[in-house]
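A.B. asks: Compact mmCIF, C-alpha atoms, saved as work19.txt, coming up:
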```txt
# COMPACT_ATOMS: atom_id res chain seq x y z
CA MET E 16 114.70 130.09 124.03
CA ALA E 17 116.17 132.66 122.01
CA LEU E 18 115.63 129.87 119.65
CA PHE E 19 112.34 131.29 118.63
CA SER E 20 111.24 133.96 116.33
CA GLY E 21 107.93 135.19 115.04
CA ALA E 22 107.44 134.42 111.41
CA ALA E 23 105.41 135.40 108.42
CA SER E 24 106.71 132.82 105.99
CA ALA E 25 105.00 132.70 102.62
CA ARG E 26 107.25 130.91 100.09
CA ILE E 27 108.90 127.78 101.30
CA ILE E 28 108.82 125.36 98.40
CA PRO E 29 110.49 127.11 95.45
CA SER E 30 113.42 128.84 97.13
CA VAL E 31 114.40 128.84 100.76
CA SER E 32 117.87 129.22 102.21
CA LEU E 33 118.39 126.00 104.07
CA SER E 34 121.31 127.32 106.07
CA SER E 35 119.34 130.20 107.51
CA SER E 36 116.72 128.58 109.64
CA ARG E 37 115.23 131.29 111.75
CA SER E 38 115.64 130.09 115.24
CA PHE E 39 115.45 126.55 116.41
CA PHE E 40 112.15 127.08 118.18
CA SER E 41 110.19 129.62 116.17
CA LEU E 42 106.68 130.90 115.75
CA SER E 43 104.98 132.07 112.59
CA SER E 44 102.01 134.35 112.21
CA SER E 45 100.88 132.65 109.03
CA SER E 46 100.22 129.11 107.90
CA SER E 47 99.94 130.14 104.26
CA SER E 48 103.41 128.76 103.64
CA LEU E 49 102.00 125.26 103.27
CA GLN E 50 99.33 126.17 100.74
CA CYS E 51 101.63 125.27 97.87
CA LEU E 52 102.32 121.75 99.17
CA ARG E 53 99.69 120.01 97.16
CA SER E 54 100.79 121.77 93.97
CA SER E 55 104.33 120.48 94.36
CA PRO E 56 104.67 116.98 92.85
CA ARG E 57 107.63 116.11 95.06
CA ILE E 58 105.99 117.20 98.28
CA SER E 59 102.62 115.75 97.37
CA HIS E 60 104.37 112.46 96.72
CA LEU E 61 106.15 112.76 100.03
CA PHE E 62 102.96 113.27 102.01
CA LEU E 63 100.87 110.79 100.08
CA ASN E 64 103.38 108.03 100.56
CA GLN E 65 104.20 108.56 104.22
CA ARG E 66 101.64 106.06 105.45
CA ARG E 67 102.72 103.50 102.87
CA ALA E 68 106.36 104.02 103.80
CA GLU E 69 105.51 103.38 107.43
CA VAL E 70 103.87 100.09 106.49
CA ARG E 71 106.96 99.08 104.57
CA VAL E 72 109.22 100.01 107.44
CA SER E 73 107.23 98.07 109.98
CA SER E 74 107.03 95.05 107.70
CA GLY E 75 110.72 94.79 107.08
CA GLY E 76 111.81 97.79 105.08
CA TYR E 77 112.86 98.25 101.47
CA GLY E 78 114.54 95.51 99.49
CA THR E 79 116.48 92.98 101.49
CA VAL E 80 117.49 95.35 104.29
CA SER E 81 115.29 95.13 107.35
CA ALA E 82 115.35 96.36 110.92
CA PRO E 83 115.61 93.77 113.69
CA LYS E 84 112.12 93.02 114.88
CA SER E 85 112.96 94.08 118.42
CA PHE E 86 114.36 97.47 117.42
CA ALA E 87 112.56 100.56 116.15
CA SER E 88 115.66 101.43 114.09
CA ASP E 89 118.48 99.33 112.67
CA PRO E 90 121.86 100.28 114.22
CA ASP E 91 123.84 99.76 111.02
CA GLN E 92 121.41 101.83 109.01
CA LEU E 93 121.62 104.58 111.62
CA LYS E 94 125.40 104.70 111.15
CA SER E 95 125.09 104.76 107.37
CA ALA E 96 122.39 107.43 107.49
CA ARG E 97 124.70 109.58 109.61
CA GLU E 98 127.36 109.46 106.90
CA ASP E 99 124.81 110.56 104.32
CA ILE E 100 123.74 113.40 106.61
CA LYS E 101 127.37 114.54 106.85
CA GLU E 102 127.57 114.71 103.09
CA LEU E 103 124.29 116.63 102.99
CA LEU E 104 125.70 119.16 105.46
CA ARG E 105 128.83 119.62 103.39
CA SER E 106 126.87 120.28 100.22
CA LYS E 107 123.85 122.23 101.48
CA PHE E 108 125.07 124.18 104.55
CA CYS E 109 121.83 123.13 106.22
CA HIS E 110 123.03 122.68 109.81
CA PRO E 111 120.60 125.17 111.42
CA ILE E 112 117.41 123.91 109.81
CA LEU E 113 118.20 120.28 110.65
CA ILE E 114 118.75 121.22 114.29
CA ARG E 115 115.48 123.12 114.28
CA LEU E 116 113.62 120.13 112.83
CA GLY E 117 114.79 117.85 115.62
CA TRP E 118 114.06 120.43 118.30
CA HIS E 119 110.54 121.11 117.04
CA ASP E 120 109.70 117.42 116.91
CA ALA E 121 110.86 116.97 120.52
CA GLY E 122 109.77 120.37 121.86
CA THR E 123 106.06 119.59 121.95
CA TYR E 124 106.57 117.37 125.01
CA ASN E 125 104.32 117.93 128.02
CA LYS E 126 105.62 116.29 131.19
CA ASN E 127 102.14 116.47 132.73
CA ILE E 128 100.75 113.99 130.20
CA GLU E 129 101.81 110.39 130.74
CA GLU E 130 100.28 108.66 127.72
CA TRP E 131 102.23 108.21 124.49
CA PRO E 132 101.91 109.83 122.02
CA GLN E 133 99.52 112.36 123.57
CA ARG E 134 102.40 113.72 125.62
CA GLY E 135 104.16 114.87 122.44
CA GLY E 136 107.92 114.83 122.09
CA ALA E 137 110.37 113.10 119.75
CA ASN E 138 108.04 110.74 117.92
CA GLY E 139 108.32 111.73 114.26
CA SER E 140 104.94 113.47 114.15
CA LEU E 141 106.45 116.53 112.50
CA ARG E 142 106.56 114.71 109.18
CA PHE E 143 102.82 115.09 108.79
CA GLU E 144 101.30 118.05 106.96
CA ILE E 145 98.92 118.97 109.77
CA GLU E 146 101.83 119.62 112.14
CA LEU E 147 104.05 121.19 109.51
CA LYS E 148 101.26 123.74 109.05
CA HIS E 149 101.61 124.88 112.67
CA ALA E 150 102.81 128.47 112.60
CA ALA E 151 105.98 127.68 114.56
CA ASN E 152 107.04 125.11 111.95
CA ALA E 153 106.98 127.38 108.91
CA GLY E 154 109.75 126.37 106.53
CA LEU E 155 110.53 123.01 108.13
CA VAL E 156 109.06 121.21 105.14
CA ASN E 157 112.38 122.08 103.50
CA ALA E 158 114.27 120.11 106.11
CA LEU E 159 111.94 117.19 105.51
CA LYS E 160 112.61 117.44 101.78
CA LEU E 161 116.33 117.23 102.45
CA LEU E 162 116.03 114.17 104.66
CA GLN E 163 113.36 112.24 102.76
CA PRO E 164 115.84 110.65 100.28
CA ILE E 165 117.89 109.43 103.24
CA LYS E 166 114.74 108.04 104.86
CA ASP E 167 113.83 106.29 101.62
CA LYS E 168 117.32 104.80 101.42
CA TYR E 169 117.36 103.63 105.04
CA SER E 170 113.85 102.40 105.70
CA GLY E 171 115.04 100.71 108.89
CA VAL E 172 115.45 104.12 110.54
CA THR E 173 112.38 105.79 112.02
CA TYR E 174 111.55 109.40 111.27
CA ALA E 175 111.84 110.20 114.97
CA ASP E 176 115.39 108.87 115.04
CA LEU E 177 116.32 110.45 111.71
CA PHE E 178 115.24 113.91 112.88
CA GLN E 179 117.32 113.63 116.06
CA LEU E 180 120.26 112.04 114.28
CA ALA E 181 120.31 114.89 111.77
CA GLY E 182 120.24 117.56 114.46
CA ALA E 183 122.96 115.94 116.54
CA THR E 184 125.16 115.38 113.52
CA ALA E 185 124.72 119.02 112.50
CA VAL E 186 125.90 120.24 115.90
CA GLU E 187 128.92 117.95 115.91
CA GLU E 188 129.91 118.67 112.33
CA ALA E 189 129.75 122.42 112.96
CA GLY E 190 132.43 122.03 115.62
CA GLY E 191 130.19 121.50 118.62
CA PRO E 192 130.51 118.89 121.34
CA LYS E 193 129.98 115.17 120.86
CA LEU E 194 126.43 114.49 122.03
CA PRO E 195 125.54 111.45 124.18
CA MET E 196 122.71 110.37 121.92
CA LYS E 197 120.67 107.20 121.88
CA TYR E 198 118.23 105.94 119.27
CA GLY E 199 115.36 103.52 118.88
CA ARG E 200 112.51 106.06 118.95
CA VAL E 201 109.14 104.73 117.83
CA ASP E 202 107.21 106.73 115.23
CA VAL E 203 103.61 107.75 115.59
CA SER E 204 101.56 106.09 112.88
CA GLY E 205 99.31 108.85 111.61
CA PRO E 206 98.48 112.57 111.59
CA GLU E 207 95.69 112.06 114.11
CA GLN E 208 98.47 111.50 116.67
CA CYS E 209 100.08 114.91 116.11
CA PRO E 210 100.01 117.34 119.07
CA GLU E 211 97.79 120.39 119.05
CA GLU E 212 99.28 123.70 117.97
CA GLY E 213 100.70 126.08 120.55
CA ARG E 214 103.29 124.04 122.45
CA LEU E 215 106.37 125.76 120.99
CA PRO E 216 107.86 129.10 122.13
CA ASP E 217 107.73 132.62 120.72
CA ALA E 218 110.62 135.04 120.27
CA GLY E 219 109.06 138.31 121.37
CA PRO E 220 106.56 137.71 124.18
CA PRO E 221 105.73 140.52 126.66
CA SER E 222 107.74 138.83 129.41
CA PRO E 223 110.50 136.85 127.66
CA ALA E 224 112.02 135.17 130.74
CA ASP E 225 108.62 134.14 132.10
CA HIS E 226 107.62 132.81 128.69
CA LEU E 227 110.79 130.73 128.41
CA ARG E 228 110.19 129.19 131.80
CA GLN E 229 106.55 128.50 131.10
CA VAL E 230 107.37 126.60 127.91
CA PHE E 231 110.52 124.79 128.99
CA TYR E 232 109.43 123.96 132.50
CA ARG E 233 106.47 122.21 130.88
CA MET E 234 109.04 120.03 129.10
CA GLY E 235 110.83 119.32 132.38
CA LEU E 236 113.85 121.50 131.63
CA ASN E 237 115.47 123.92 134.08
CA ASP E 238 117.12 127.35 133.89
CA LYS E 239 120.59 125.98 133.15
CA GLU E 240 119.25 123.85 130.31
CA ILE E 241 117.25 126.77 128.88
CA VAL E 242 120.37 128.93 128.70
CA ALA E 243 122.61 126.15 127.41
CA LEU E 244 120.18 125.26 124.63
CA SER E 245 119.84 128.93 123.72
CA GLY E 246 123.53 128.82 122.85
CA ALA E 247 122.71 126.86 119.71
CA HIS E 248 121.83 130.24 118.24
CA THR E 249 125.50 130.50 117.51
CA LEU E 250 124.30 128.81 114.30
CA GLY E 251 121.85 130.17 111.77
CA ARG E 252 120.23 133.36 110.53
CA ALA E 253 116.85 135.07 110.61
CA ARG E 254 115.14 136.64 107.62
CA PRO E 255 112.45 139.32 107.99
CA ASP E 256 110.46 138.05 105.00
CA ARG E 257 110.14 134.62 106.62
CA SER E 258 110.36 135.08 110.36
CA GLY E 259 109.51 138.72 110.91
CA TRP E 260 112.90 139.18 112.60
CA GLY E 261 116.30 140.35 111.46
CA LYS E 262 117.65 142.36 108.55
CA PRO E 263 117.48 141.40 104.86
CA GLU E 264 121.28 141.09 104.88
CA THR E 265 124.35 142.17 106.82
CA LYS E 266 128.05 142.42 106.18
CA TYR E 267 128.32 138.91 107.62
CA THR E 268 125.66 137.27 105.45
CA LYS E 269 125.72 139.05 102.11
CA ASP E 270 128.01 136.42 100.55
CA GLY E 271 126.71 133.22 102.18
CA PRO E 272 127.74 130.39 102.74
CA GLY E 273 124.70 129.02 101.03
CA ALA E 274 122.08 131.52 99.88
CA PRO E 275 123.13 135.03 100.89
CA GLY E 276 121.17 137.31 103.21
CA GLY E 277 119.47 137.37 106.56
CA GLN E 278 120.83 138.42 109.93
CA SER E 279 122.90 136.06 112.06
CA TRP E 280 123.43 135.95 115.79
CA THR E 281 127.18 135.47 115.30
CA VAL E 282 129.84 136.36 112.75
CA GLN E 283 130.60 132.77 111.74
CA TRP E 284 127.10 131.39 111.87
CA LEU E 285 127.96 127.86 110.79
CA LYS E 286 130.54 127.42 113.53
CA PHE E 287 129.37 126.03 116.86
CA ASP E 288 131.12 127.81 119.74
CA ASN E 289 130.25 130.20 122.57
CA SER E 290 130.24 133.35 120.39
CA TYR E 291 126.50 133.74 120.90
CA PHE E 292 126.92 134.51 124.60
CA LYS E 293 129.91 136.79 124.03
CA ASP E 294 128.12 138.81 121.36
CA ILE E 295 124.91 139.24 123.34
CA LYS E 296 126.89 140.36 126.38
CA GLU E 297 128.88 142.93 124.43
CA LYS E 298 126.03 144.26 122.26
CA LYS E 299 128.57 146.10 120.17
CA ASP E 300 127.60 145.03 116.67
CA GLU E 301 124.31 146.20 115.19
CA ASP E 302 124.67 143.64 112.40
CA LEU E 303 124.28 140.78 114.87
CA LEU E 304 120.78 139.75 115.89
CA ILE E 305 119.52 139.88 119.48
CA LEU E 306 115.93 138.79 120.03
CA PRO E 307 113.98 139.66 123.21
CA THR E 308 114.43 136.08 124.39
CA ASP E 309 118.18 136.36 123.74
CA ALA E 310 118.48 139.57 125.74
CA ALA E 311 116.58 137.96 128.62
CA LEU E 312 119.49 135.61 129.23
CA PHE E 313 121.58 138.50 130.55
CA GLU E 314 118.68 140.40 132.13
CA ASP E 315 117.09 137.68 134.24
CA PRO E 316 119.18 137.09 137.41
CA SER E 317 119.00 133.30 137.27
CA PHE E 318 119.63 133.01 133.53
CA LYS E 319 122.47 135.52 133.76
CA VAL E 320 124.54 133.28 136.04
CA TYR E 321 124.76 130.66 133.33
CA ALA E 322 125.01 133.07 130.39
CA GLU E 323 127.98 134.83 132.01
CA LYS E 324 129.65 131.50 132.68
CA TYR E 325 129.21 130.30 129.11
CA ALA E 326 130.52 133.56 127.68
CA GLU E 327 133.74 133.01 129.63
CA ASP E 328 134.09 129.24 129.48
CA GLN E 329 133.37 127.41 126.23
CA GLU E 330 134.30 124.03 127.72
CA THR E 331 131.59 124.37 130.38
CA PHE E 332 129.10 125.52 127.76
CA PHE E 333 129.88 122.51 125.56
CA LYS E 334 129.47 120.11 128.48
CA ASP E 335 126.15 121.58 129.59
CA TYR E 336 124.89 121.93 126.04
CA ALA E 337 125.64 118.30 125.18
CA GLU E 338 123.69 117.11 128.21
CA ALA E 339 120.75 119.44 127.54
CA HIS E 340 120.54 118.61 123.83
CA ALA E 341 120.53 114.87 124.51
CA LYS E 342 117.84 115.32 127.16
CA LEU E 343 115.68 117.38 124.80
CA SER E 344 116.06 114.77 122.05
CA ASN E 345 114.67 112.07 124.33
CA LEU E 346 111.64 113.97 125.60
CA GLY E 347 108.40 112.07 125.18
CA ALA E 348 110.03 109.34 123.10
CA LYS E 349 109.08 105.68 123.34
CA PHE E 350 112.20 103.59 122.82
CA ASP E 351 112.41 100.10 121.33
CA PRO E 352 114.45 98.55 122.85
CA PRO E 353 113.53 100.41 126.07
CA GLU E 354 117.17 101.21 126.88
CA GLY E 355 117.72 102.69 123.43
CA ILE E 356 120.43 102.10 120.85
CA VAL E 357 123.90 103.66 121.13
CA ILE E 358 125.78 103.78 117.83
CA ASP E 359 129.01 105.35 119.10
CA GLU E 360 131.44 102.98 120.76
CA SER E 361 133.35 105.93 122.19
CA PRO E 362 130.97 108.73 123.25
CA ASN E 363 133.90 111.11 123.71
CA ALA E 364 135.30 110.61 120.25
CA GLY E 365 135.60 113.89 118.40
CA ALA E 366 133.52 114.46 115.28
CA GLU E 367 135.05 115.48 111.99
CA LYS E 368 134.82 119.26 112.12
CA PHE E 369 132.94 121.10 109.42
CA VAL E 370 134.54 124.18 107.88
CA ALA E 371 132.34 126.49 105.85
CA ALA E 372 133.62 127.07 102.34
CA LYS E 373 133.30 130.83 102.55
CA TYR E 374 132.01 133.44 104.94
CA SER E 375 131.33 137.04 104.20
CA THR E 376 134.38 139.19 104.86
CA GLY E 377 132.73 141.38 107.47
CA LYS E 378 133.63 144.42 105.39
CA GLU E 379 131.07 146.76 103.92
```
Is it possible to express this structure as structure tokens?

C.D. replies:
Amino acid sequence: MALFSGAASARIIPSVSLSSSRSFFSLSSSSSSLQCLRSSPRISHLFLNQRRAEVRVSSGGYGTVSAPKSFASDPDQLKSAREDIKELLRSKFCHPILIRLGWHDAGTYNKNIEEWPQRGGANGSLRFEIELKHAANAGLVNALKLLQPIKDKYSGVTYADLFQLAGATAVEEAGGPKLPMKYGRVDVSGPEQCPEEGRLPDAGPPSPADHLRQVFYRMGLNDKEIVALSGAHTLGRARPDRSGWGKPETKYTKDGPGAPGGQSWTVQWLKFDNSYFKDIKEKKDEDLLILPTDAALFEDPSFKVYAEKYAEDQETFFKDYAEAHAKLSNLGAKFDPPEGIVIDESPNAGAEKFVAAKYSTGKE
């Protein structure tokens, strides 16, 4: 969707703005960004201990806390992990990159492949180095670094669930709709089960609308869902030194929140609303980013019907987005129990709304 951008990321371990994930589906032209992994003690430890952590999870978890044998994830630990994610969002302004992590884990799904995990999808495979090195996933090791302490604390939660829980919580805490999520996703067990590279979208293909359909139809999504999911670009920024898109800074990003710089799609790029559609339609502000795949939403006749509607009606956008996000998060997943785990007694309950500490003034 417009949730993609070409990238040329090179430095992702020492200093990366966690609140400025490029686009939620994004492509990179370089895999050099992972070359420093093995030289980083923290990341090397993370990768080296993934397999051991999986053994501990499957054998009962850390300490005295264990997941029920019939569930992939423990419901109580899922709830506690969500509270820790909320605190992480408040302190790190990392909403966009957590959404991108969940989307990239799920977005490899191929509806034409029946077998799990060959079909791809939300199965936690993105935690492995071989998949993190895919060009489209440049920078996502930083999201994994943020979530790893939570995974270590709640060993009864699978990576696949944690990635989707983090993304859903980020949307809700940024003021977006409550998402009808379910959990219980089973993790793949090793890097040999990761999907091949090339299943995620690009931001600037020759025929943007055709490219979007080719990628998302393969996942089993339709035009309405493509446009609705594109609306998540109301969050986040792009940086030319990492993604190949956007400006180094604008009047809206020069002061943060989080690390300053980059170019956002919207003025308040940590607030989830329908500003993305309004701003693309108006095209009045050169400091706001519009990728080729963003512009296609108002140029393609079928996409335009939904984009126009969402620009005018935030309530409809929220409804359609919530349904599309939940559908994406389930793609390719194997659930245990098969019906999944619902941790919200009241699906319509409103989330505590996140308010960014400070936005740039919008003045030069």

A.B. asks: Expressed in Å to a single decimal, how great is the separation between CA of Trp131 (chain E) and CA of Lys349 (chain E)?

C.D. replies: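 Taking CA of Trp131 (chain E) as the start and CA of Lys349 (chain E) as the end point, the length is 7.4 Å.
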
A.B. asks: Rank E:Lys239, E:Gly171, E:Leu116, E:Cys109 by their smallest atom-to-atom distance to Ser317 (chain E), using only C-alpha atoms, and report the top residue only.

C.D. replies: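 Of E:Lys239, E:Gly171, E:Leu116, E:Cys109, the one nearest Ser317 (chain E), counting only C-alpha atoms, is E:Lys239.
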
A.B. asks: How many Å lie between CA of Pro192 (chain E) and CA of Phe333 (chain E), rounded to one decimal?

C.D. replies: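 Atom-to-atom, CA of Pro192 (chain E) and CA of Phe333 (chain E) are spaced 5.6 Å apart.
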
A.B. asks: Which distance in Å separates CA of Thr308 (chain E) and CA of His226 (chain E), to one decimal?

C.D. replies: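 Distance reported for this atom pair: 8.7 Å.
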
A.B. asks: Between E:Gly235, E:Pro206, E:Pro164, E:Gly191, which has the minimum distance to Lys126 (chain E) (counting all atoms listed in the file)?

C.D. replies: E:Gly235

A.B. asks: Residues proximal to (103.3, 122.6, 118.0) were defined as those with any atom within 7 Å of that point in the file's coordinates, counting all atoms listed in the file. Which are they, as a PDB file with C-alpha atoms, in the frame of the given file?

C.D. replies:
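The file below, out_14.pdb, is the result:
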```pdb
ATOM      1  CA  THR E 123     106.060 119.590 121.950  1.00  0.00           C
ATOM      2  CA  GLU E 146     101.830 119.620 112.140  1.00  0.00           C
ATOM      3  CA  HIS E 149     101.610 124.880 112.670  1.00  0.00           C
ATOM      4  CA  ALA E 151     105.980 127.680 114.560  1.00  0.00           C
ATOM      5  CA  PRO E 210     100.010 117.340 119.070  1.00  0.00           C
ATOM      6  CA  GLU E 211      97.790 120.390 119.050  1.00  0.00           C
ATOM      7  CA  GLU E 212      99.280 123.700 117.970  1.00  0.00           C
ATOM      8  CA  GLY E 213     100.700 126.080 120.550  1.00  0.00           C
ATOM      9  CA  ARG E 214     103.290 124.040 122.450  1.00  0.00           C
ATOM     10  CA  LEU E 215     106.370 125.760 120.990  1.00  0.00           C
TER      11      LEU E 215
END
```

A.B. asks: Considering only C-alpha atoms, return as a tab-separated table (two decimals) with C-alpha atoms, keeping the file's coordinate frame whatever protein or nucleic-acid residues lie within 7 Å of Lys286 (chain E), sequence-local ones (same chain, fewer than 4 positions apart) excluded.

C.D. replies:
```
chain	number	residue	atom	x	y	z
E	189	ALA	CA	129.75	122.42	112.96
E	190	GLY	CA	132.43	122.03	115.62
E	250	LEU	CA	124.30	128.81	114.30
```

A.B. asks: Where does region 154-175 of chain E meet region 98-108 of chain E within 12 Å, residue by residue, with the nearest atom pair and distance in Å to one decimal for each, counting only C-alpha atoms, listed by chain and rising number, as CSV?

C.D. replies:
```
residue,atom,partner,partner_atom,distance
E:Asn157,CA,E:Lys107,CA,11.6
E:Ala158,CA,E:Lys107,CA,10.8
E:Lys160,CA,E:Leu103,CA,11.8
E:Leu161,CA,E:Leu103,CA,8.0
E:Leu162,CA,E:Ile100,CA,8.0
E:Gln163,CA,E:Ile100,CA,11.1
E:Pro164,CA,E:Asp99,CA,9.8
E:Ile165,CA,E:Asp99,CA,7.1
E:Lys166,CA,E:Asp99,CA,10.4
E:Lys168,CA,E:Asp99,CA,9.9
E:Tyr169,CA,E:Asp99,CA,10.2
```

A.B. asks: Which neighbours of Ala87 (chain E) fall inside 6 Å, counting all atoms listed in the file, when residues of the same chain fewer than 3 positions from it are skipped, and could you give them as a PDB file with C-alpha atoms, in the coordinates of the input?

C.D. replies:
```pdb
ATOM      1  CA  GLY E 199     115.360 103.520 118.880  1.00  0.00           C
ATOM      2  CA  VAL E 201     109.140 104.730 117.830  1.00  0.00           C
ATOM      3  CA  ASP E 351     112.410 100.100 121.330  1.00  0.00           C
TER       4      ASP E 351
END
```

A.B. asks: Measuring between all atoms listed in the file, which one of E:Arg200, E:Lys342, E:Arg134, E:His119 shows the shortest distance to Ala150 (chain E)?

C.D. replies: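 The answer is E:His119, which sits nearest to Ala150 (chain E).
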
A.B. asks: Tell me, as a short mmCIF file (atom, residue, chain, number, x, y, z; two decimals) with C-alpha atoms, in the coordinates of the input, which residues lie within 12 Å of Ile241 (chain E), counting all atoms listed in the file; anything in the same chain fewer than 3 positions away does not count.

C.D. replies:
```
data_model
loop_
_atom_site.label_atom_id
_atom_site.label_comp_id
_atom_site.auth_asym_id
_atom_site.auth_seq_id
_atom_site.Cartn_x
_atom_site.Cartn_y
_atom_site.Cartn_z
CA MET E 16 114.70 130.09 124.03
CA ALA E 17 116.17 132.66 122.01
CA LEU E 18 115.63 129.87 119.65
CA PHE E 40 112.15 127.08 118.18
CA PRO E 216 107.86 129.10 122.13
CA ALA E 224 112.02 135.17 130.74
CA ASP E 225 108.62 134.14 132.10
CA HIS E 226 107.62 132.81 128.69
CA LEU E 227 110.79 130.73 128.41
CA ARG E 228 110.19 129.19 131.80
CA GLN E 229 106.55 128.50 131.10
CA VAL E 230 107.37 126.60 127.91
CA PHE E 231 110.52 124.79 128.99
CA TYR E 232 109.43 123.96 132.50
CA ARG E 233 106.47 122.21 130.88
CA MET E 234 109.04 120.03 129.10
CA GLY E 235 110.83 119.32 132.38
CA LEU E 236 113.85 121.50 131.63
CA ASN E 237 115.47 123.92 134.08
CA ASP E 238 117.12 127.35 133.89
CA LEU E 244 120.18 125.26 124.63
CA SER E 245 119.84 128.93 123.72
CA GLY E 246 123.53 128.82 122.85
CA ALA E 247 122.71 126.86 119.71
CA THR E 308 114.43 136.08 124.39
CA ASP E 309 118.18 136.36 123.74
CA ALA E 311 116.58 137.96 128.62
CA LEU E 312 119.49 135.61 129.23
CA SER E 317 119.00 133.30 137.27
CA PHE E 318 119.63 133.01 133.53
CA LYS E 319 122.47 135.52 133.76
CA TYR E 321 124.76 130.66 133.33
CA ALA E 322 125.01 133.07 130.39
CA PHE E 332 129.10 125.52 127.76
CA ASP E 335 126.15 121.58 129.59
CA TYR E 336 124.89 121.93 126.04
CA GLU E 338 123.69 117.11 128.21
CA ALA E 339 120.75 119.44 127.54
CA HIS E 340 120.54 118.61 123.83
CA LYS E 342 117.84 115.32 127.16
CA LEU E 343 115.68 117.38 124.80
#
```

A.B. asks: Skip Lys296 (chain E) itself and residues of its chain fewer than 6 positions away, then list as a list in words all residues within 9 Å of it, counting all atoms listed in the file.

C.D. replies: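 Non-adjacent residues within range: Ala310, Phe313, Ala322, Glu323 and Ala326 of chain E.
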
A.B. asks: Create the file for the chosen residues now, containing C-alpha atoms and written as a JSON list (two decimals), in the coordinates of the input.

C.D. replies:
```json
[["chain", "number", "residue", "atom", "x", "y", "z"],
["E", 310, "ALA", "CA", 118.48, 139.57, 125.74],
["E", 313, "PHE", "CA", 121.58, 138.50, 130.55],
["E", 322, "ALA", "CA", 125.01, 133.07, 130.39],
["E", 323, "GLU", "CA", 127.98, 134.83, 132.01],
["E", 326, "ALA", "CA", 130.52, 133.56, 127.68]]
```
